[in-house]
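J.: This is input-v2.cif (mmCIF, C-alpha atoms).
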data_start
loop_
_atom_site.label_atom_id
_atom_site.label_comp_id
_atom_site.auth_asym_id
_atom_site.auth_seq_id
_atom_site.Cartn_x
_atom_site.Cartn_y
_atom_site.Cartn_z
CA MET A 136 36.14 40.00 123.67
CA ASN A 137 33.15 40.26 121.42
CA ARG A 138 33.93 38.82 118.01
CA VAL A 139 31.57 38.56 115.11
CA VAL A 140 32.22 35.67 112.76
CA THR A 141 30.81 37.44 109.75
CA GLY A 142 31.14 40.96 108.49
CA ALA A 143 33.60 43.38 107.07
CA HIS A 144 37.37 42.82 107.01
CA TYR A 145 37.40 39.09 107.76
CA GLY A 146 37.97 38.34 104.09
CA LEU A 147 40.55 41.05 103.56
CA ARG A 148 43.60 38.86 104.16
CA ASP A 149 42.48 36.28 101.59
CA TRP A 150 41.54 38.96 99.12
CA LEU A 151 44.94 40.62 99.48
CA ALA A 152 46.79 37.29 99.36
CA GLN A 153 45.05 36.37 96.11
CA ARG A 154 46.25 39.61 94.54
CA ILE A 155 49.83 39.45 95.83
CA THR A 156 50.21 35.83 94.71
CA ALA A 157 48.74 36.83 91.33
CA VAL A 158 51.47 39.44 90.86
CA ILE A 159 54.20 36.92 91.83
CA MET A 160 52.85 34.39 89.33
CA ALA A 161 52.50 37.03 86.62
CA ILE A 162 56.18 38.01 86.96
CA TYR A 163 57.29 34.36 86.93
CA SER A 164 55.09 33.67 83.87
CA VAL A 165 56.55 36.53 81.86
CA ILE A 166 60.12 35.43 82.69
CA ALA A 167 59.30 31.78 81.91
CA VAL A 168 57.77 32.65 78.54
CA VAL A 169 60.76 34.85 77.61
CA VAL A 170 63.21 32.08 78.61
CA LEU A 171 61.24 29.43 76.68
CA ILE A 172 60.80 31.37 73.45
CA SER A 173 64.35 32.72 73.43
CA SER A 174 65.91 29.26 73.46
CA LYS A 175 66.04 27.79 69.96
CA SER A 176 64.91 24.25 70.70
CA ILE A 177 64.15 22.73 74.05
CA THR A 178 66.04 19.49 74.34
CA TYR A 179 66.22 17.37 77.47
CA ALA A 180 69.66 18.83 78.31
CA VAL A 181 68.36 22.42 78.09
CA TRP A 182 65.26 21.55 80.11
CA ARG A 183 67.19 19.66 82.82
CA ASP A 184 69.89 22.34 83.12
CA LEU A 185 67.23 25.03 83.48
CA PHE A 186 65.66 23.25 86.44
CA ALA A 187 69.06 22.32 87.88
CA GLN A 188 69.79 25.95 88.70
CA GLY A 189 69.13 27.03 92.26
CA TRP A 190 67.33 30.27 91.35
CA MET A 191 64.99 28.42 88.98
CA ARG A 192 64.09 25.87 91.66
CA VAL A 193 63.44 28.55 94.27
CA ALA A 194 61.49 30.73 91.81
CA THR A 195 59.40 27.74 90.71
CA LEU A 196 58.71 26.78 94.32
CA LEU A 197 57.66 30.38 95.01
CA PHE A 198 55.37 30.14 91.98
CA ALA A 199 53.94 26.82 93.21
CA VAL A 200 53.24 28.13 96.71
CA SER A 201 51.65 31.28 95.25
CA LEU A 202 49.55 29.12 92.96
CA ALA A 203 48.49 26.94 95.89
CA TRP A 204 47.35 29.91 97.96
CA HIS A 205 45.75 31.68 94.98
CA ALA A 206 43.90 28.56 93.85
CA TRP A 207 42.71 27.85 97.38
CA VAL A 208 41.04 31.27 97.63
CA GLY A 209 39.56 30.90 94.14
CA VAL A 210 38.21 27.38 94.61
CA ARG A 211 36.88 28.28 98.06
CA ASP A 212 35.00 31.23 96.52
CA ILE A 213 33.50 28.97 93.86
CA LEU A 214 32.43 26.40 96.47
CA MET A 215 30.92 29.13 98.68
CA ASP A 216 28.93 30.44 95.70
CA TYR A 217 27.51 27.20 94.35
CA ILE A 218 27.53 24.52 97.06
CA LYS A 219 24.82 25.32 99.56
CA PRO A 220 24.67 22.29 101.93
CA ASP A 221 27.19 23.02 104.72
CA GLY A 222 28.43 19.45 105.16
CA LEU A 223 29.09 18.94 101.46
CA ARG A 224 30.77 22.33 101.14
CA LEU A 225 33.04 21.67 104.11
CA SER A 226 33.97 18.24 102.76
CA LEU A 227 34.83 19.69 99.36
CA GLN A 228 36.87 22.47 100.96
CA VAL A 229 38.84 20.01 103.07
CA GLY A 230 39.32 17.82 99.99
CA THR A 231 40.57 20.83 98.00
CA LEU A 232 43.07 21.71 100.74
CA LEU A 233 44.38 18.14 100.82
CA VAL A 234 44.74 18.07 97.03
CA ILE A 235 46.56 21.42 97.02
CA ALA A 236 48.92 20.30 99.82
CA THR A 237 49.65 17.11 97.86
CA TYR A 238 50.45 19.15 94.74
CA VAL A 239 52.91 21.33 96.67
CA GLY A 240 54.61 18.22 98.07
CA TRP A 241 54.76 16.69 94.61
CA THR A 242 56.25 19.89 93.16
CA ILE A 243 59.02 19.88 95.79
CA GLN A 244 59.70 16.25 94.91
CA ILE A 245 59.92 17.11 91.19
CA LEU A 246 62.22 20.09 91.76
CA TRP A 247 64.61 18.44 94.24
CA ARG A 248 64.76 14.86 93.05
CA MET B 147 3.52 66.94 76.98
CA SER B 148 2.83 64.49 74.17
CA ASP B 149 0.30 61.71 74.42
CA ALA B 150 2.96 59.04 74.14
CA ALA B 151 4.70 60.21 77.28
CA LEU B 152 1.44 60.10 79.21
CA LYS B 153 0.78 56.49 78.31
CA THR B 154 1.92 54.00 80.87
CA PRO B 155 5.13 52.30 79.75
CA VAL B 156 5.01 48.66 78.69
CA ARG B 157 5.45 46.64 81.84
CA LYS B 158 7.81 43.72 81.66
CA PRO B 159 6.56 40.62 83.48
CA ARG B 160 8.07 40.67 86.95
CA PRO B 161 9.40 38.89 88.94
CA LYS B 162 11.69 37.21 86.45
CA TYR B 163 12.80 33.74 87.45
CA LEU B 164 16.06 32.19 86.40
CA ASN B 165 15.75 29.06 84.33
CA LEU B 166 17.74 27.44 81.57
CA GLN B 167 15.81 29.19 78.82
CA ALA B 168 16.28 32.56 80.48
CA LEU B 169 19.97 31.93 81.02
CA LEU B 170 20.56 30.78 77.45
CA PHE B 171 18.34 33.05 75.39
CA GLU B 172 16.92 35.93 77.38
CA ILE B 173 19.57 37.25 79.69
CA ARG B 174 22.47 38.61 77.71
CA LEU B 175 25.68 39.35 79.52
CA PRO B 176 27.54 42.53 78.68
CA VAL B 177 31.15 42.00 77.58
CA THR B 178 32.36 42.82 81.10
CA GLY B 179 30.18 39.96 82.38
CA TRP B 180 31.74 37.55 79.90
CA ILE B 181 35.21 38.52 81.08
CA SER B 182 34.09 37.85 84.64
CA ILE B 183 32.51 34.42 84.13
CA LEU B 184 35.33 33.32 81.83
CA HIS B 185 37.83 34.39 84.48
CA ARG B 186 36.13 32.00 86.89
CA ILE B 187 35.75 29.20 84.32
CA SER B 188 39.37 29.49 83.15
CA GLY B 189 40.57 29.45 86.76
CA ALA B 190 38.55 26.35 87.57
CA LEU B 191 39.74 24.66 84.37
CA LEU B 192 43.38 25.38 85.19
CA PHE B 193 42.94 24.01 88.70
CA VAL B 194 41.39 20.79 87.36
CA ALA B 195 44.17 20.46 84.76
CA LEU B 196 46.92 20.97 87.33
CA VAL B 197 47.32 17.25 88.06
CA TRP B 198 47.91 16.57 84.36
CA LEU B 199 50.40 19.41 83.98
CA LEU B 200 52.32 18.29 87.08
CA TRP B 201 52.36 14.75 85.75
CA MET B 202 53.91 15.98 82.49
CA LEU B 203 56.45 18.15 84.33
CA ASP B 204 57.38 15.20 86.53
CA HIS B 205 58.00 12.92 83.54
CA SER B 206 59.77 15.56 81.45
CA LEU B 207 62.38 16.03 84.20
CA SER B 208 62.82 12.40 85.23
CA SER B 209 64.94 11.07 82.34
CA GLU B 210 65.82 11.71 78.71
CA ALA B 211 63.66 8.82 77.51
CA ALA B 212 60.66 10.07 79.52
CA PHE B 213 61.28 13.60 78.20
CA GLU B 214 61.16 12.37 74.60
CA LYS B 215 57.99 10.40 75.37
CA ILE B 216 56.29 13.49 76.79
CA LYS B 217 57.47 15.55 73.82
CA HIS B 218 55.92 13.00 71.45
CA TYR B 219 52.76 12.83 73.59
CA ALA B 220 52.41 16.63 73.57
CA GLY B 221 52.64 16.55 69.79
CA LEU B 222 49.55 14.34 69.33
CA TRP B 223 46.73 16.51 68.06
CA PRO B 224 44.13 15.88 70.83
CA VAL B 225 46.81 16.62 73.45
CA LYS B 226 47.95 19.68 71.52
CA LEU B 227 44.37 20.91 71.35
CA ALA B 228 43.86 20.39 75.09
CA LEU B 229 47.13 22.20 75.83
CA LEU B 230 46.10 25.05 73.55
CA VAL B 231 42.82 25.39 75.48
CA LEU B 232 44.88 25.60 78.68
CA VAL B 233 47.19 28.18 77.12
CA TRP B 234 44.09 30.21 76.28
CA ALA B 235 42.73 29.72 79.83
CA TYR B 236 46.03 30.91 81.31
CA SER B 237 46.23 33.88 78.93
CA HIS B 238 42.66 34.91 79.66
CA HIS B 239 43.07 34.49 83.41
CA PHE B 240 46.30 36.50 83.22
CA CYS B 241 44.91 39.40 81.13
CA ALA B 242 41.55 39.58 82.94
CA GLY B 243 43.42 39.39 86.25
CA ILE B 244 45.56 42.40 85.37
CA ARG B 245 42.35 44.24 84.44
CA TYR B 246 40.90 43.37 87.87
CA LEU B 247 44.03 44.66 89.61
CA PHE B 248 43.45 48.01 87.90
CA LEU B 249 39.76 47.94 88.84
CA ASP B 250 40.83 47.33 92.46
CA LEU B 251 42.85 50.54 92.22
CA ASP B 252 39.70 52.34 91.00
CA LYS B 253 41.12 52.65 87.50
CA GLY B 254 38.87 52.07 84.49
CA LEU B 255 35.58 51.88 86.34
CA GLU B 256 33.59 54.03 83.87
CA LYS B 257 31.23 52.00 81.70
CA GLY B 258 32.86 52.91 78.41
CA THR B 259 36.39 52.29 79.65
CA ALA B 260 35.38 49.05 81.38
CA ARG B 261 33.89 47.75 78.12
CA MET B 262 36.87 48.83 76.07
CA THR B 263 39.36 47.15 78.44
CA SER B 264 37.21 43.99 78.31
CA TRP B 265 37.58 43.86 74.53
CA ILE B 266 41.31 44.45 74.94
CA VAL B 267 41.45 41.47 77.34
CA PHE B 268 39.65 39.26 74.79
CA GLY B 269 41.87 40.41 71.95
CA THR B 270 45.12 40.14 73.89
CA SER B 271 44.38 36.70 75.30
CA PHE B 272 43.52 35.31 71.87
CA ALA B 273 46.59 36.93 70.34
CA LEU B 274 48.76 35.49 73.15
CA THR B 275 47.25 32.03 72.62
CA ALA B 276 47.95 32.21 68.90
CA PHE B 277 51.49 33.47 69.46
CA LEU B 278 52.38 30.90 72.13
CA GLY B 279 50.74 28.12 70.14
CA TRP B 280 52.82 29.08 67.13
CA ARG B 281 56.08 29.45 69.11
CA LEU B 282 55.80 26.33 71.23
CA TRP B 283 55.12 23.96 68.34
#
For this file, produce the structure as structure tokens.

T.:
Amino acid sequence: MNRVVTGAHYGLRDWLAQRITAVIMAIYSVIAVVVLISSKSITYAVWRDLFAQGWMRVATLLFAVSLAWHAWVGVRDILMDYIKPDGLRLSLQVGTLLVIATYVGWTIQILWR
Amino acid sequence: MSDAALKTPVRKPRPKYLNLQALLFEIRLPVTGWISILHRISGALLFVALVWLLWMLDHSLSSEAAFEKIKHYAGLWPVKLALLVLVWAYSHHFCAGIRYLFLDLDKGLEKGTARMTSWIVFGTSFALTAFLGWRLW
């Protein structure tokens, strides 16, 4: 099979993923803001009970995974635009992936402690 | 034909090289360009701030004492200011992002519409920042 490593359609999946994750995060954000401003005062009990609910944990995890994927595409685009030396760019991209994976792990730890 | 039209037009010096002076004083971005670069800057800023936000979320959910500490910490004015900048970054990224989703669907591509929606993005994101800043403190 003759495959070209550059050219049309190779970036389509990332492009689409960035948009789908954006929509997921936008919906979560609107719900979160409505929940936060509709409660009179946010005490520890209110805050803890909110994150104790199963749907909130799953929704927040969905948000975190969307954010991870979305941010990966965005940061990768920035690195591709401004960092020209290949070795440095690759190192920064690998570093970014590691940081993002760590954040997702940390988020799971926070949500299911 | 008038004489003026026959005269050769004033030639701008070309090629034009990018340098700091050109970037700061000579090249002026249209409002759509500002939306674009601020979308990138706000995204990068939010990514960099993520570790701090996660740290605060972690503490706020760990115990009542830690929650009260974070609440007090978030009330200090430099922290409040930094958080407000992040609220603006999120609002801008959110509004400009919705605009881009419409552009992807070939909606609002005409110059006039594109400029108008850019101003709407600026206005809405500042209004959202003000509203959220007022409601959350």

J.: Could you tell me how far atom CA of B:Phe171 sits from atom CA of B:Pro159, in Å to one decimal place?

T.: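 Between atom CA of B:Pro159 and atom CA of B:Phe171 the gap works out to 16.2 Å.
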
J.: Do you have, as a tab-separated table, the list of residues of chain A lying at most 10 Å from chain B, each with its nearest atom pair and that distance in Å to one decimal, counting all atoms listed in the file and ordered by chain then number?

T.:
residue	atom	partner	partner_atom	distance
A:Arg154	CA	B:Leu247	CA	7.4
A:Ile155	CA	B:Leu247	CA	10.0
A:Ala157	CA	B:Gly243	CA	7.8
A:Val158	CA	B:Ile244	CA	8.6
A:Met160	CA	B:Phe240	CA	9.2
A:Ala161	CA	B:Phe240	CA	7.1
A:Ser164	CA	B:Phe240	CA	9.3
A:Val168	CA	B:Leu278	CA	8.6
A:Leu171	CA	B:Leu282	CA	8.3
A:Ile172	CA	B:Arg281	CA	6.7
A:Ser173	CA	B:Arg281	CA	9.9
A:Ser176	CA	B:Leu282	CA	9.4
A:Ile177	CA	B:Leu282	CA	9.5
A:Thr178	CA	B:Phe213	CA	8.5
A:Tyr179	CA	B:Glu210	CA	5.8
A:Ala180	CA	B:Glu210	CA	8.1
A:Trp182	CA	B:Leu207	CA	7.4
A:Arg183	CA	B:Leu207	CA	6.2
A:Asp184	CA	B:Leu207	CA	9.9
A:Phe186	CA	B:Leu207	CA	8.2
A:Ala187	CA	B:Leu207	CA	9.9
A:Leu202	CA	B:Phe193	CA	9.4
A:Ala203	CA	B:Phe193	CA	9.5
A:His205	CA	B:Gly189	CA	10.0
A:Ala206	CA	B:Phe193	CA	6.9
A:Trp207	CA	B:Phe193	CA	9.5
A:Gly209	CA	B:Gly189	CA	7.6
A:Val210	CA	B:Ala190	CA	7.1
A:Asp212	CA	B:Arg186	CA	9.7
A:Ile213	CA	B:Arg186	CA	8.0
A:Val234	CA	B:Val197	CA	9.4
A:Ile235	CA	B:Phe193	CA	9.4
A:Tyr238	CA	B:Val197	CA	7.6
A:Trp241	CA	B:Leu200	CA	8.1
A:Thr242	CA	B:Leu200	CA	7.4
A:Gln244	CA	B:Asp204	CA	8.8
A:Ile245	CA	B:Asp204	CA	5.6
A:Leu246	CA	B:Leu207	CA	8.6
A:Arg248	CA	B:Ser208	CA	8.4

J.: I would like the residues chosen by the PyMOL selection byres ((chain B and resi 238) around 10) on the shown file; could you give them as an MDAnalysis selection string?

T.: chainID B and resid 181 184:185 188:189 232:237 239:244 267:272 274:275

J.: In Å to one decimal, how far is atom CA of A:Gln153 from atom CA of A:Thr195?

T.: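 Calculated distance between atom CA of A:Thr195 and atom CA of A:Gln153 is 17.6 Å.
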